[in-house]
2 protein chains.
Amino acid sequence: MDNTHLIFMQRAIELAREGMHNGHGGPFGCVVVKDNEIIAEGWNRVTSTNDPTAHAEVTAIRLACDKLGSFQLDGCVIYTSCEPCPMCLGAIYWARPEQVFYGCDRQDAANIAFDDQFIYDEIDAHIDDRQIPFTQINQAEAVAVFKEWHQKTDKTEY
Amino acid sequence: MDNTHLIFMQRAIELAREGMHNGHGGPFGCVVVKDNEIIAEGWNRVTSTNDPTAHAEVTAIRLACDKLGSFQLDGCVIYTSCEPCPMCLGAIYWARPEQVFYGCDRQDAANIAFDDQFIYDEIDAHIDDRQIPFTQINQAEAVAVFKEWHQKTDKTEY
């Protein structure tokens with residue numbers, strides 16, 4: 001294992017610890033690295049900022065993209081102190097970094113009552129069988145906007 | 001179907017159309033409703049703000065939570081012009097609204113080249129078998145922070 005990977009992960013772990021002790025949120029930290037340099041640091045701030053999406057990875061990805069002036073993390077590596085939850089996993093796939101390193105895994109997280117399994121199960125459940133009810137309405141009106149997008153010529157795809 | 005549901009969804013669809021025509025991002029809109037009033041509106045701003053997480057639902061959830069001063073959407077209903085992608089689905093489960101209404105479904109989205117199936121497949125794939133490589137390192141150091149969290153007495157759980 002390249003020693004630099006360990007050092008970047010240690011920084012992610014340090015951010016997890018600092019954020020927790022500073023009362024910002026849960027014990028999670030993340031760094032985004034490009035060309036062997038940290039370009040963004042993130043840590044969980046859910047409870048201190050009243051933002052359920054302020055997980056370490058989402059926070060770091062948003063900052064890294066802002067710094068790069070791009071909605072894509074081309075050539076970047078993410079180091080996160082814990083295996084990403086489904087939301088962060090989705091964010092990672094939308095941001096498209098090259099690689100991800102993680103410290104704790106989902107079992108370690110479940111052991112301290114951060115159990116993502118419920119969300120994994122709900123994502124896999126049929127949309128009509130979820131614990132939060134999902135109901136489709138106004139489909140034709142909504143699809144009309146998609147057709148306008150399809151026909152739009154001056155659009156930025158992502 | 002209660003007519004108010006249709007009206008709130010029409011607003012979500014209108015936001016999708018406006019955001020698209022204003023060049024903010026893809027054709028997606030969302031509103032969060034509490035006590036029969038819209039408390040937050042969101043639309044896709046990925047490409048205009050260089051934020052891959054700025055989907056309509058994430059944007060609306062962040063704003064709604066900020067307004068409520070809570071990291072939970074207790075008693076709220078989300079109206080989104082399209083079935084949420086896995087990232088937004090995760091965000092919804094972390095925010096815990098009462099109910100979700102959606103307009104287009106994932107097949108409608110795939111028809112205009114917003115195909116979330118790849119992300120669904122990657123979430124289901126074993127972590128060692130993903131298209132973006134995921135590698136576990138420094139697990140023991142990372143778990144040490146989790147143990148500190150477990151022992152911490154003055155924490156806000158979420």
# chains A, B, ... in the order shown; residues from 1 in each chain; ligands from 1

$ residues_around --residues "Ala54 in chain B" --least-positions-apart "6" --cutoff "9 Å" --atoms "only C-alpha atoms" --output "list in words"
Arg62 of chain A; Gly42, Trp43, Asn44, Arg45, Val46 and Thr47 of chain B

$ write_last_selection --atoms "all heavy atoms" --output "short mmCIF file (atom, residue, chain, number, x, y, z; two decimals), in the first residue's frame"
data_model
loop_
_atom_site.label_atom_id
_atom_site.label_comp_id
_atom_site.auth_asym_id
_atom_site.auth_seq_id
_atom_site.Cartn_x
_atom_site.Cartn_y
_atom_site.Cartn_z
N ARG A 62 -18.83 18.73 -2.57
CA ARG A 62 -19.33 20.06 -2.96
C ARG A 62 -18.19 21.08 -2.98
O ARG A 62 -18.06 21.88 -3.91
CB ARG A 62 -20.44 20.52 -2.01
CG ARG A 62 -21.67 19.61 -2.04
CD ARG A 62 -22.76 20.11 -1.08
NE ARG A 62 -23.51 21.18 -1.69
CZ ARG A 62 -23.92 22.27 -1.08
NH1 ARG A 62 -23.62 22.45 0.19
NH2 ARG A 62 -24.60 23.18 -1.72
N GLY B 42 -37.13 23.68 -4.79
CA GLY B 42 -35.79 23.36 -5.30
C GLY B 42 -35.87 22.97 -6.76
O GLY B 42 -36.92 22.54 -7.24
N TRP B 43 -34.78 23.18 -7.45
CA TRP B 43 -34.69 22.71 -8.83
C TRP B 43 -33.22 22.38 -9.10
O TRP B 43 -32.33 22.82 -8.37
CB TRP B 43 -35.23 23.74 -9.82
CG TRP B 43 -34.59 25.09 -9.75
CD1 TRP B 43 -33.54 25.53 -10.49
CD2 TRP B 43 -34.95 26.17 -8.86
NE1 TRP B 43 -33.22 26.82 -10.14
CE2 TRP B 43 -34.07 27.23 -9.14
CE3 TRP B 43 -35.93 26.33 -7.88
CZ2 TRP B 43 -34.13 28.44 -8.45
CZ3 TRP B 43 -35.98 27.54 -7.20
CH2 TRP B 43 -35.11 28.57 -7.49
N ASN B 44 -33.01 21.61 -10.14
CA ASN B 44 -31.66 21.14 -10.43
C ASN B 44 -30.73 22.30 -10.83
O ASN B 44 -31.08 23.11 -11.68
CB ASN B 44 -31.73 20.12 -11.57
CG ASN B 44 -30.40 19.43 -11.79
OD1 ASN B 44 -29.45 20.04 -12.27
ND2 ASN B 44 -30.32 18.17 -11.43
N ARG B 45 -29.58 22.35 -10.16
CA ARG B 45 -28.60 23.41 -10.44
C ARG B 45 -27.20 22.83 -10.59
O ARG B 45 -26.20 23.51 -10.32
CB ARG B 45 -28.58 24.42 -9.28
CG ARG B 45 -29.83 25.27 -9.21
CD ARG B 45 -29.86 26.11 -7.96
NE ARG B 45 -31.23 26.16 -7.44
CZ ARG B 45 -31.58 26.67 -6.27
NH1 ARG B 45 -30.66 27.19 -5.47
NH2 ARG B 45 -32.82 26.67 -5.89
N VAL B 46 -27.12 21.57 -10.98
CA VAL B 46 -25.82 20.88 -11.05
C VAL B 46 -24.83 21.64 -11.93
O VAL B 46 -23.72 21.97 -11.51
CB VAL B 46 -26.00 19.44 -11.59
CG1 VAL B 46 -24.64 18.82 -11.95
CG2 VAL B 46 -26.70 18.58 -10.55
N THR B 47 -25.23 21.91 -13.17
CA THR B 47 -24.25 22.45 -14.11
C THR B 47 -24.00 23.94 -13.92
O THR B 47 -22.92 24.43 -14.23
CB THR B 47 -24.71 22.18 -15.56
OG1 THR B 47 -26.03 22.71 -15.74
CG2 THR B 47 -24.75 20.68 -15.84
#

$ residues_around --residues "Asn50 in chain A" --least-positions-apart "5" --cutoff "12 Å" --atoms "only C-alpha atoms" --output "list in words"
His24, Gly25, Asn44, Arg45 and His55 of chain A; Ile61, Arg62, Leu63, Ala64, Cys65, Asp66, Lys67, Leu68, Gly69, Ser70, Phe71, Gln72, Leu73, Trp94, Ala95, Thr156 and Tyr158 of chain B

$ closest_residue --among "A:Glu57, A:Ile39, A:Arg17, A:Cys30" --to "chain B" --atoms "only C-alpha atoms"
A:Arg17

$ residues_around --residues "Ala144 in chain A" --least-positions-apart "2" --cutoff "12 Å" --atoms "only C-alpha atoms" --output "MDAnalysis selection string"
(chainID A and resid 138:142 146:151) or (chainID B and resid 10 13:14 16:17 27:28 81:82 103:104 108:109 112)

$ closest_residue --among "B:Glu98, B:Asp116, B:Asp129, B:Asp121" --to "chain A" --atoms "only C-alpha atoms"
B:Glu98

$ select_by_dssp --residues "range 26-149 of chain B" --states "strand (DSSP E)" --output "MDAnalysis selection string"
chainID B and resid 29:34 37:43 76:82 99:104 134:136

$ closest_residue --among "A:Asp74, A:Glu37, A:Tyr120, A:Ala12" --to "Tyr102 in chain A" --atoms "only C-alpha atoms"
A:Ala12

$ select_by_dssp --residues "chain B" --states "alpha helix (DSSP H)" --output "ChimeraX atom specification"
/B:3-21,46-49,56-68,86-95,106-111,117-124,139-151

$ residues_around --residues "Pro133 in chain B" --least-positions-apart "3" --cutoff "7 Å" --atoms "only C-alpha atoms" --output "number ranges by chain"
A: 99-100; B: 130

$ residues_around --residues "Gln107 in chain B" --least-positions-apart "5" --cutoff "10 Å" --atoms "only C-alpha atoms" --output "list in words"
Glu83, Ile112, Ala113, Phe114, Asp115, Asp116 and Gln117 of chain B

$ write_last_selection --atoms "C-alpha atoms" --output "mmCIF file, in the first residue's frame"
data_model
loop_
_atom_site.group_PDB
_atom_site.id
_atom_site.type_symbol
_atom_site.label_atom_id
_atom_site.label_comp_id
_atom_site.auth_asym_id
_atom_site.auth_seq_id
_atom_site.Cartn_x
_atom_site.Cartn_y
_atom_site.Cartn_z
ATOM 1 C CA GLU B 83 -38.734 9.638 -9.141
ATOM 2 C CA ILE B 112 -34.090 11.221 -21.957
ATOM 3 C CA ALA B 113 -30.685 9.772 -21.007
ATOM 4 C CA PHE B 114 -30.881 10.228 -17.229
ATOM 5 C CA ASP B 115 -30.352 6.582 -16.496
ATOM 6 C CA ASP B 116 -30.051 5.942 -12.774
ATOM 7 C CA GLN B 117 -29.925 2.181 -13.301
#

$ closest_residue --among "B:Ala110, B:Leu89, B:Val31, B:Ala56" --to "chain A" --atoms "only C-alpha atoms"
B:Leu89

$ residues_around --residues "Gln131 in chain A" --least-positions-apart "4" --cutoff "12 Å" --atoms "only C-alpha atoms" --output "VMD selection string"
(chain A and resid 118 to 119 121 to 127) or (chain B and resid 92 to 93 96 to 100)

$ write_last_selection --atoms "all heavy atoms" --output "compact mmCIF listing (two decimals), in the first residue's frame"
# COMPACT_ATOMS: atom_id res chain seq x y z
N PHE A 118 -31.19 -0.21 6.50
CA PHE A 118 -32.59 0.15 6.24
C PHE A 118 -32.71 0.91 4.91
O PHE A 118 -33.61 0.64 4.09
CB PHE A 118 -33.13 1.00 7.40
CG PHE A 118 -34.48 1.60 7.13
CD1 PHE A 118 -35.60 0.80 6.98
CD2 PHE A 118 -34.65 2.98 7.02
CE1 PHE A 118 -36.85 1.36 6.73
CE2 PHE A 118 -35.89 3.53 6.76
CZ PHE A 118 -36.99 2.72 6.62
N ILE A 119 -31.78 1.84 4.68
CA ILE A 119 -31.85 2.63 3.44
C ILE A 119 -31.51 1.75 2.23
O ILE A 119 -32.17 1.84 1.19
CB ILE A 119 -30.94 3.87 3.52
CG1 ILE A 119 -31.39 4.77 4.68
CG2 ILE A 119 -30.98 4.65 2.20
CD1 ILE A 119 -30.57 6.04 4.87
N ASP A 121 -32.13 -1.36 1.98
CA ASP A 121 -33.33 -2.19 1.75
C ASP A 121 -34.44 -1.39 1.07
O ASP A 121 -35.13 -1.89 0.19
CB ASP A 121 -33.86 -2.74 3.08
CG ASP A 121 -32.91 -3.78 3.68
OD1 ASP A 121 -32.02 -4.28 2.94
OD2 ASP A 121 -33.04 -4.08 4.88
N GLU A 122 -34.59 -0.14 1.49
CA GLU A 122 -35.64 0.69 0.91
C GLU A 122 -35.35 1.02 -0.55
O GLU A 122 -36.26 1.10 -1.38
CB GLU A 122 -35.81 1.98 1.72
CG GLU A 122 -36.46 1.76 3.07
CD GLU A 122 -37.95 1.45 2.93
OE1 GLU A 122 -38.71 2.33 2.58
OE2 GLU A 122 -38.33 0.28 3.15
N ILE A 123 -34.08 1.24 -0.88
CA ILE A 123 -33.71 1.51 -2.27
C ILE A 123 -34.05 0.29 -3.14
O ILE A 123 -34.53 0.43 -4.26
CB ILE A 123 -32.21 1.89 -2.38
CG1 ILE A 123 -32.01 3.30 -1.83
CG2 ILE A 123 -31.71 1.78 -3.82
CD1 ILE A 123 -30.57 3.76 -1.79
N ASP A 124 -33.81 -0.88 -2.59
CA ASP A 124 -34.10 -2.11 -3.34
C ASP A 124 -35.59 -2.45 -3.38
O ASP A 124 -36.03 -3.17 -4.28
CB ASP A 124 -33.35 -3.30 -2.71
CG ASP A 124 -31.92 -3.39 -3.22
OD1 ASP A 124 -31.61 -2.71 -4.22
OD2 ASP A 124 -31.13 -4.14 -2.64
N ALA A 125 -36.34 -1.94 -2.42
CA ALA A 125 -37.77 -2.27 -2.38
C ALA A 125 -38.48 -1.68 -3.60
O ALA A 125 -38.08 -0.63 -4.12
CB ALA A 125 -38.40 -1.72 -1.10
N HIS A 126 -39.52 -2.33 -4.06
CA HIS A 126 -40.35 -1.75 -5.13
C HIS A 126 -40.93 -0.44 -4.62
O HIS A 126 -41.26 -0.32 -3.44
CB HIS A 126 -41.46 -2.72 -5.52
CG HIS A 126 -42.20 -2.28 -6.74
ND1 HIS A 126 -43.22 -1.35 -6.70
CD2 HIS A 126 -42.04 -2.62 -8.04
CE1 HIS A 126 -43.66 -1.15 -7.93
NE2 HIS A 126 -42.96 -1.89 -8.77
N ILE A 127 -41.02 0.53 -5.51
CA ILE A 127 -41.43 1.88 -5.08
C ILE A 127 -42.81 1.89 -4.41
O ILE A 127 -43.10 2.77 -3.60
CB ILE A 127 -41.34 2.87 -6.28
CG1 ILE A 127 -41.35 4.32 -5.77
CG2 ILE A 127 -42.42 2.60 -7.31
CD1 ILE A 127 -40.81 5.33 -6.75
N ILE B 92 -33.70 11.66 1.17
CA ILE B 92 -35.08 11.62 1.66
C ILE B 92 -35.17 10.75 2.90
O ILE B 92 -35.80 11.13 3.90
CB ILE B 92 -36.03 11.13 0.53
CG1 ILE B 92 -36.20 12.22 -0.52
CG2 ILE B 92 -37.38 10.69 1.11
CD1 ILE B 92 -36.87 11.76 -1.82
N TYR B 93 -34.51 9.61 2.88
CA TYR B 93 -34.59 8.74 4.05
C TYR B 93 -33.89 9.34 5.26
O TYR B 93 -34.31 9.14 6.40
CB TYR B 93 -34.10 7.32 3.72
CG TYR B 93 -35.25 6.52 3.14
CD1 TYR B 93 -35.48 6.50 1.77
CD2 TYR B 93 -36.16 5.89 3.97
CE1 TYR B 93 -36.56 5.84 1.24
CE2 TYR B 93 -37.25 5.22 3.45
CZ TYR B 93 -37.45 5.19 2.09
OH TYR B 93 -38.54 4.55 1.58
N ARG B 96 -36.43 12.04 6.42
CA ARG B 96 -37.63 11.40 6.98
C ARG B 96 -38.92 12.23 6.86
O ARG B 96 -39.58 12.52 7.86
CB ARG B 96 -37.38 11.03 8.46
CG ARG B 96 -36.17 10.11 8.65
CD ARG B 96 -36.02 9.66 10.10
NE ARG B 96 -34.83 8.81 10.29
CZ ARG B 96 -33.62 9.25 10.64
NH1 ARG B 96 -33.41 10.55 10.82
NH2 ARG B 96 -32.62 8.41 10.80
N PRO B 97 -39.30 12.59 5.63
CA PRO B 97 -40.63 13.19 5.45
C PRO B 97 -41.71 12.11 5.61
O PRO B 97 -41.39 10.92 5.66
CB PRO B 97 -40.59 13.68 4.00
CG PRO B 97 -39.69 12.69 3.33
CD PRO B 97 -38.63 12.34 4.35
N GLU B 98 -42.96 12.57 5.64
CA GLU B 98 -44.07 11.61 5.80
C GLU B 98 -44.38 10.86 4.53
O GLU B 98 -44.81 9.71 4.56
CB GLU B 98 -45.35 12.38 6.18
CG GLU B 98 -45.63 12.38 7.63
CD GLU B 98 -46.93 13.10 7.96
OE1 GLU B 98 -47.73 13.39 7.05
OE2 GLU B 98 -47.11 13.37 9.15
N GLN B 99 -44.23 11.55 3.40
CA GLN B 99 -44.72 10.97 2.16
C GLN B 99 -44.03 11.65 0.98
O GLN B 99 -43.53 12.77 1.10
CB GLN B 99 -46.23 11.22 2.07
CG GLN B 99 -46.92 10.44 1.00
CD GLN B 99 -48.44 10.51 1.10
OE1 GLN B 99 -48.97 11.24 1.96
NE2 GLN B 99 -49.14 9.80 0.24
N VAL B 100 -43.98 10.96 -0.15
CA VAL B 100 -43.37 11.51 -1.36
C VAL B 100 -44.32 11.30 -2.54
O VAL B 100 -44.84 10.19 -2.73
CB VAL B 100 -42.02 10.82 -1.67
CG1 VAL B 100 -41.41 11.36 -2.97
CG2 VAL B 100 -41.03 10.98 -0.51

$ closest_residue --among "B:Asn36, B:Gly90, B:Glu157, B:Asp128" --to "chain A" --atoms "only C-alpha atoms"
B:Gly90

$ atom_distance --atom1 "CA of Gly19 in chain B" --atom2 "CA of Ser48 in chain B"
10.1 Å
